[in-house]
Structure formats: C-alpha cells, structure tokens
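First the structure, in the form of structure tokens, and then the observations on it.
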Amino acid sequence: MIRHPLLMALLRSPSGRIGLGLVLFHCGLALIAPLIVPYDFNAQSEVLDAMGPSLQHWAGLDTLGRDVLTRTFLGGRQALLVTVFGTIMAITWGSFLGMVAGLKGGRLDELIMRTVDTFLAIPFMIFLLLIIASFGNEPLVMILTLGFFYGIGVVRLARAATLDEVVKDYVQSARARGESTLSIVLKEILPNVRDVLLVESAMRWSWMLLAFSALSFLGFGVTPPTPDWGLMIANARIYMPLAPWPVLAPMIALSSLIIGINLVADALAKALGLDRTQARTL
Amino acid sequence: MTALLRLEKVCVGYQSADGEPVLLVNEADLTLDPGETLGVVGESGCGKSTLLLSIMGHYKPGLKRLSGSVLFEGQDPDQASVEALQRLRGGGMALIPQNAGQALTPTLKISAQMVEALQLHSEVPAAHWKNKSIELFERVQLPSPEKLLDRYPHELSGGQQQRVAIAMALAGSPRLLLLDEPTTGLDVTTQAQVLQLLSEISETTQTAMVFVSHDIGVIAKTCQKIAVMYAGEIIEAGTQETVMDQPGHPYTQALLASVPRLGQASLPDGIRGRLPESLGAPKDSCAFEARCGFSEAVCRTQKPDVIDVKGHLIKCSRQSSIAPFQLPNSSPRAVLEGFEPERKVVLAVRDLALTYQSTGPIKRWLYGAPEPVVADVSLELRQGQTLGLVGESGSGKSSILRTLAGLQPGLRGMATFLNQHDLLIPVGRRSPEVLRKIQLVFQNPDASLNPRRTIRDIIERPLRLYFNYSAPERSAEAYDLMDSVQLPRDYLDRFPGQLSGGERQRVAIARALAAKPDLLLCDEITSALDVSVQASMMQLLTELKSKRQLTVLFVSHDLPVVGALADHVAILRNGRICEAGATQEIFEQPAHPYTRELLAAVLSHR
C-alpha cells in the first residue's frame, strides 16, 4: 500500500475520497470493460426500438436496439485514453516552456508569451475541427492537438508561478553557482511549482474530457459505431422526449467522471494549501 | 498608587487536538504604574508579541487567554463590551506596530488617517483636526508637517512612517503605549532618533509604555523596568539597572554575553542548543534547562522557584549557586600574521560604478547613460583577510556584492579576481573555476535554501557541479561539511523547514564551503538571526576563516558585528565609500562625520 503523504491528505477529506473513488472507478472500468460487458456493443436486439430498462437490459436499448449499459461501459475508453495522454502532454510542454520563460525573462519571455497570446486569441474549437477534418480522428492526432491547445494556458500559469520563485534567493544562489538553465528549471523551480501544476493538471483533464465529448457530440471525436458518451448523447438526443434512457446513462457516466476529477482537484488544492481560485488566477 | 496595568498568571495559547493546552505565554505576571516604562526582551518565538497583544485583549487567530487576569485601570479587556473595547483601544492604550509602512493604509493620504484616529479616539472637534494633526506631527518632530499631511505613506521614509504611527497612537492621549519592535526595520541612525523621541514622550507626557524588542540594547536605553522572556515565560524581571548589571538568570547572562559590543577585542559567546521546537503542554521542568550551563537534576524534575530580591524576580532553582555576571573575556581575536603586502590580492575593485538595470545600446542612446547607484568604489582584499562593508539600507552594499557574484551588471570601473579574472562579466560567461572559487551566502536562509530539497541535495549540489566525485565520495564530503559547520550528520535527510534559522544558515555556509572557495561573499548573514545564534555564527565564521584560509567580504549594517569579525572596514554611504581602513583605527578614531554618527548610534547597554 502506498502511503504517500499527499495521498493520505487526499483521503482525509470527504471530497478527496469521493472524487478519487469516482476517478478510479472510471479508470478501472475503462480497463476491464471489454471483459465484463454482457453484450457485444454492436449487437442489435430483436426489439428494434428504443426500450426502457428491463432485467435483460438494465439501462435500456438505444434507437438501433443496442444495449445502452454495454455501450456506456465501453464509451469512456477512447475519451480517457486521449485525455489522459493529452493532459500529460499539455502539462509537460506547457510547464517547461512557462518555467523557462519565467526564469530567462527578457526577449525570450516576450517571444514565448506573445506567441501564447496569439494562440489564445484563436477560437480553438474551430481550429481543432479543422485539424481533425484534415488529419483524421485517430487517437494520436487527438492527443497531439488537444495536448497542444490545452498546454497554452499552462505556459501562462507556469510562468506566473515561476516568477514568484525566481526572485527568491535559492534561485539566485543557483544562478551564482553557475547552474544551467535546465538544471535550475528541473531541480530548483519545478519542485516548488509542482503543487500548482498538479492542481492545474486535474482541472485541465476535466476540461479536456468535456472538449473531447463535445467533439464526439459534433461527430468529430470517434467514428461510429465505436461507442462514446458524446456520440451516444448526440445520437439519442432527438428522441429524448420519447425515450430518455439512451441519453441518461452516458450523461451520468460523463458527469460523474468530471465531478470526480473536480473533487480531486479541490481536495488536492486544499491538501497542498492552495486556494483553488488562487491557483487559477496565477 | 494603584497600578495602571496588572497581569496575573496570564496564560495564552490554544487547546491542541487531544485536549492538552499549548501555551505560548505561560503564567506571565507584570505590573505597571502610570508613567512607567517596561521593556520585554526575548528572542524570536518566545511569546513577547503575543503577551503584548493580550494586554489589548487581542489574539492572533486560534489563540485565546486560557487563564489568568489582565486588568487595565481595573478593567479586563476580554470582558469589555465592544463599545468599551473601542474606547479602550486607541483611547486608553494605543499600539505602535513593528512595521509602520505596512500598518498605514497605502491608498489613503496621511491627513485622512490622522483624522480617523482623532475622530475615533479624541474629543477634538472636527474644526481643529487639522491643527491637532500638525501639533502632533510637531511633537514627533516630523519636518514640515503641513506638507506631510498631503502625502501618501509610500512617499515617506521608514523613519517618518514610524513617526506618523507614533503620532496616530498619541492622538487619543492614551495612558499606555504598547510598542511592538517599533525600531526593528529602521537604520541605526534613524533608530537612535526614534528611541530618543520615545524617551522624550514618556518623560513629558507621563505616558506608560510596554516596549517589546529582541534587541536588549534598545530596551536598556528606553525602559526603567525590564522583563526577560524565554519560551513563553518571564524568567527574570526587575529595574533596568539590576537586570543589566546583576542579571541573575543563566539565560539573561548568556543573552548579554552573546551581544557583540564595540571595542570588545573578542567574539561574543553564543548559547548552545536551540529554542524548544514547539511549546507543548506546560511541563514540570525549567524551560531553559536543556541549554543551561548550571542545569542539575532538580531543573528537570520541578518547576523553577521564583526568587524575589527587593523586586528583582528570578525564576531559577539554582539561583544561589550562580556566579555574578561578568562580561565574557574570551580569547583575543586572531591577528593576521605575516607582512600583509606579501599576501596575494584576491579581489581588487577600482572605481566601480553600477546601476540597477542593465541598459541596451538603444535605451542608452535614447535616454542617456543611467545614473549610477554606486560609484567610485575601490576595494582591495588580500588572502585571508576579512573586509567589512558597512552601510545603511539603500547604500548599495548588497548591489556591490551581487555585481561581484555576477548576478547584476556593472556599469564601469574594474573588478578582478586573483589579478586575472574579470568580475564585471555575468555568471553565464564566467569560467567554471571562477564560479567555484567565489561563493555567495545570502542574508535569509529561509529563502536561500530550496524548501523542497533535502539538506543532502542542497549540500551535494556544488559537489556535483564542480567536482567529479563518485557517490560515496560525495557522501563522505557531505559528512565532513556537516561536521565543519557543527551540525549533526542525520540532518542531511531533513528538509530546510525542519531546521531552526541558525541551523539553516549553517547549511547555507556548508553549501558555500562545499565548492572550496577562495572568496566568500557574505550578505548580512547574521542579521536574520537571534543574537545568541548570531554569536555562534560569528564564532563559526572566524574558525572557518583561519582553518581554510578564507577571504571574506562581509556586508552588514551592524557595526559591532563587523568590528568583531573584520580586519578592515569600508563605510558606504549613498553608494560611495566615505571612509575605509583597519577596523581598530576606524572604530577608535573615525575621521568622517558619518562614521562618527554611525558609531554614536550604536546602543551600548551600560
């Protein structure tokens, strides 16, 4: 059993326990779903119409007569895959560039930050659609595009957090020793901005998950018939007044995961002694 | 005569999670008659500010008075109604905070803040507020009071801000002034003026004062009665003369011995050990026992007795066997041997000028060359020498050090290291050898050690950077370094936050020594520390200097400290050196009026 102090602090707060439980539940489900789902996700029932919950189909059937529970269990796999790696990528490149900009200052800082400003001015959803339309919606393409666009905000955050640290004497002392920029960034600054970045990555993750589901909803995320929450909601949306079941299950799944991540972010911020709003405005 | 203020067995603290009381102030007794001045002295964390605030019935979040009584003119501030408390604070008693610059509202003009004080705490009619403000400003000797009223706090100097705070406190004609380290952030010359002013106020208006400070010199100069605090307890109390001349408690004696004095040819003695880490539940032992030279079994098993000799209270069980206090007469300072010109020149600075910002060619063309903040500075430092660079805040002493360390660009002039390396180039362009041979130690060890890295990481950093050691060699070297700065080896696996201030500064010195430097640049390395710790730091530095043949450039604002450490002194004023020479000559026969002023401002205790 891991007894990391941060983990223990997370487990002490109710929101940390619930959030971590939800997130771990979804991650575990995504891993083992193919082994436990009762039906093939593409198999159509003899009843070809949307049907409410029954003993055979706990969450009902969708408009094509497919089992909603099966599709919901499987529907988070691609979203989690893309967003987990997308978040890692966004935080990695964003924080590195931000820390370098904050540490070096001067013209390099100007160059990096004005480029960041330019990208922030672009409505990125449209940009995303453009990229996906031209390069396809392979998971790798999605990871790279989401990872890139969500890293832009991280640059600003990491730079701001770094600016607080560079003026401190331990960074000055490292500079006076003649340490390289890389080692100052990784050995001196990173451990001290880690908290802010950790909370930020949890929040980036939840936003990215929403964005991915929105893309799927718009028909750009995953290719049918692969099950995906956003796509499921989009497909069943028009029949919602008559048959709410096929919408309900993926909605609960998506929102419980996002709520879970946000609870973890809150508990993390509290355990690390950061005010979440304060971490955001950095 | 009834007492103005009476504190009886006051305990301030909080209930810990397991129900045990944790006391920051433990059974404090004080009495103060009208017009009397009482000084409370103690090192950081001993509870003196908490005690002071409890007199006003104010506590830091989470704290409260757990037992005992506070009576101000027969009234307990904790029992007073909100209205009564409002009248009491500002009217009956007034607080003068440590940092007046922060206590004044930055967005309001001085006049508005004075009016607020007068409106709330005095009977002065509105029509006379302005005149009354001017009158109060004249009383605190502020220059051109009418103009000052129209200014914002940031447009005033630190000394002026403190005077405004004093004027505001006097607005309600209080019977008692509470002063929380009122001169701590100020330069020595300004401090001397403010203390003079406070003494005059207490004499002319018969206002009683409770004066809290870590600086025993400040207390001795201003107060008639002194109480010494240690770990939340008042361990000695009496009149100024008795406490200063016949200190009875071992802690008071040690504290007095650790203060560096002008003209003393020896280093002061430090107090061994450290303050109790956290103040737990009250114990049945003497709080100072672990650090006391007179400690015996009885000190560990029972609370110390309080001995009262004609109003001189001493809280110590072994009082009878403690010798009368004598100023320490430790070994005289090691004088540099050998004919000085034969030693090689480590650092030579000639006509150095510098500014805060670097300016590119375009800016320089547009705006002209920037005004230098430091100009015409020439220094020479030979191997094994220690040069003290003395100046008040803003004199440019730290800027010179940062320039020599390559963190800040120089403007013109020349600085060479070992007669061959140019020191006006930034760190990025220096050779690894020069980087290694010049090491910088910062003022505040809280900030200069990375809080997220262990002591081992911190000390081994220079070892990795400059030397090709294997892991076991590095480890062995780290142990040696810990030994040489007199820290236990198991501290290597701790984080800086788990060490006390003095221990952290030792780690910072060990890190600098790890590079095996020739030149050590010290930026006020003792000024963030308590006196008892400062004394042991000075001893450590002296010892290391002679052992390792270190050349030290020691920047400080504290003349007695420099006097005890440095062979040569350069006095810096407004970025220019106004006097330089051998320490003894300068201290005994200062030629420049500014040097004389600085020396006169140094507080002596007798």
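We label chains A, B, ... in the order they appear in the structure tokens, count residues from 1 in each chain, and number ligands from 1 in the order shown.
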
Contacts of stretch 111-118 of chain B at 12 Å (only C-alpha atoms; same-chain gap of 3+ positions) as an MDAnalysis selection string: chainID B and resid 86:87 89:91 94 103:108 121:137 145:153 164:174

Quick one: contact table of chain B to chain A, 6 Å max, nearest atom pair and distance in Å to one decimal per residue, counting only C-alpha atoms, chain and number order, as CSV?
```
residue,atom,partner,partner_atom,distance
B:Leu435,CA,A:Arg177,CA,5.9
B:Ala447,CA,A:Asp169,CA,5.3
B:Ser448,CA,A:Tyr170,CA,3.9
B:Leu449,CA,A:Tyr170,CA,5.1
B:Asn450,CA,A:Tyr170,CA,5.5
B:Arg452,CA,A:Pro191,CA,6.0
```

Nearby residues (only C-alpha atoms) at most 8 Å from stretch 73-79 of chain A, same-chain spacing under 2 positions excluded, as a PyMOL selection string: chain A and resi 26+29-31+33-34+37+41+69-71+81-83+139+209+212-213+222+226-229+250+254

All residues 8 Å or closer to A:Leu22, only C-alpha atoms, same chain fewer than 2 positions away omitted, as a list in words: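 Counting only the stated atoms, we get Ile18, Gly19, Leu20, Leu24, Phe25, His26, Ser256, Leu257, Gly260 and Ile261 of chain A.
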
Alpha helix (DSSP H) call set, DSSP backbone run, stretch 250-460 of chain B, as a PyMOL selection string: chain B and resi 250-257+297-301+361-367+397-404+432-437+445-448+455-460
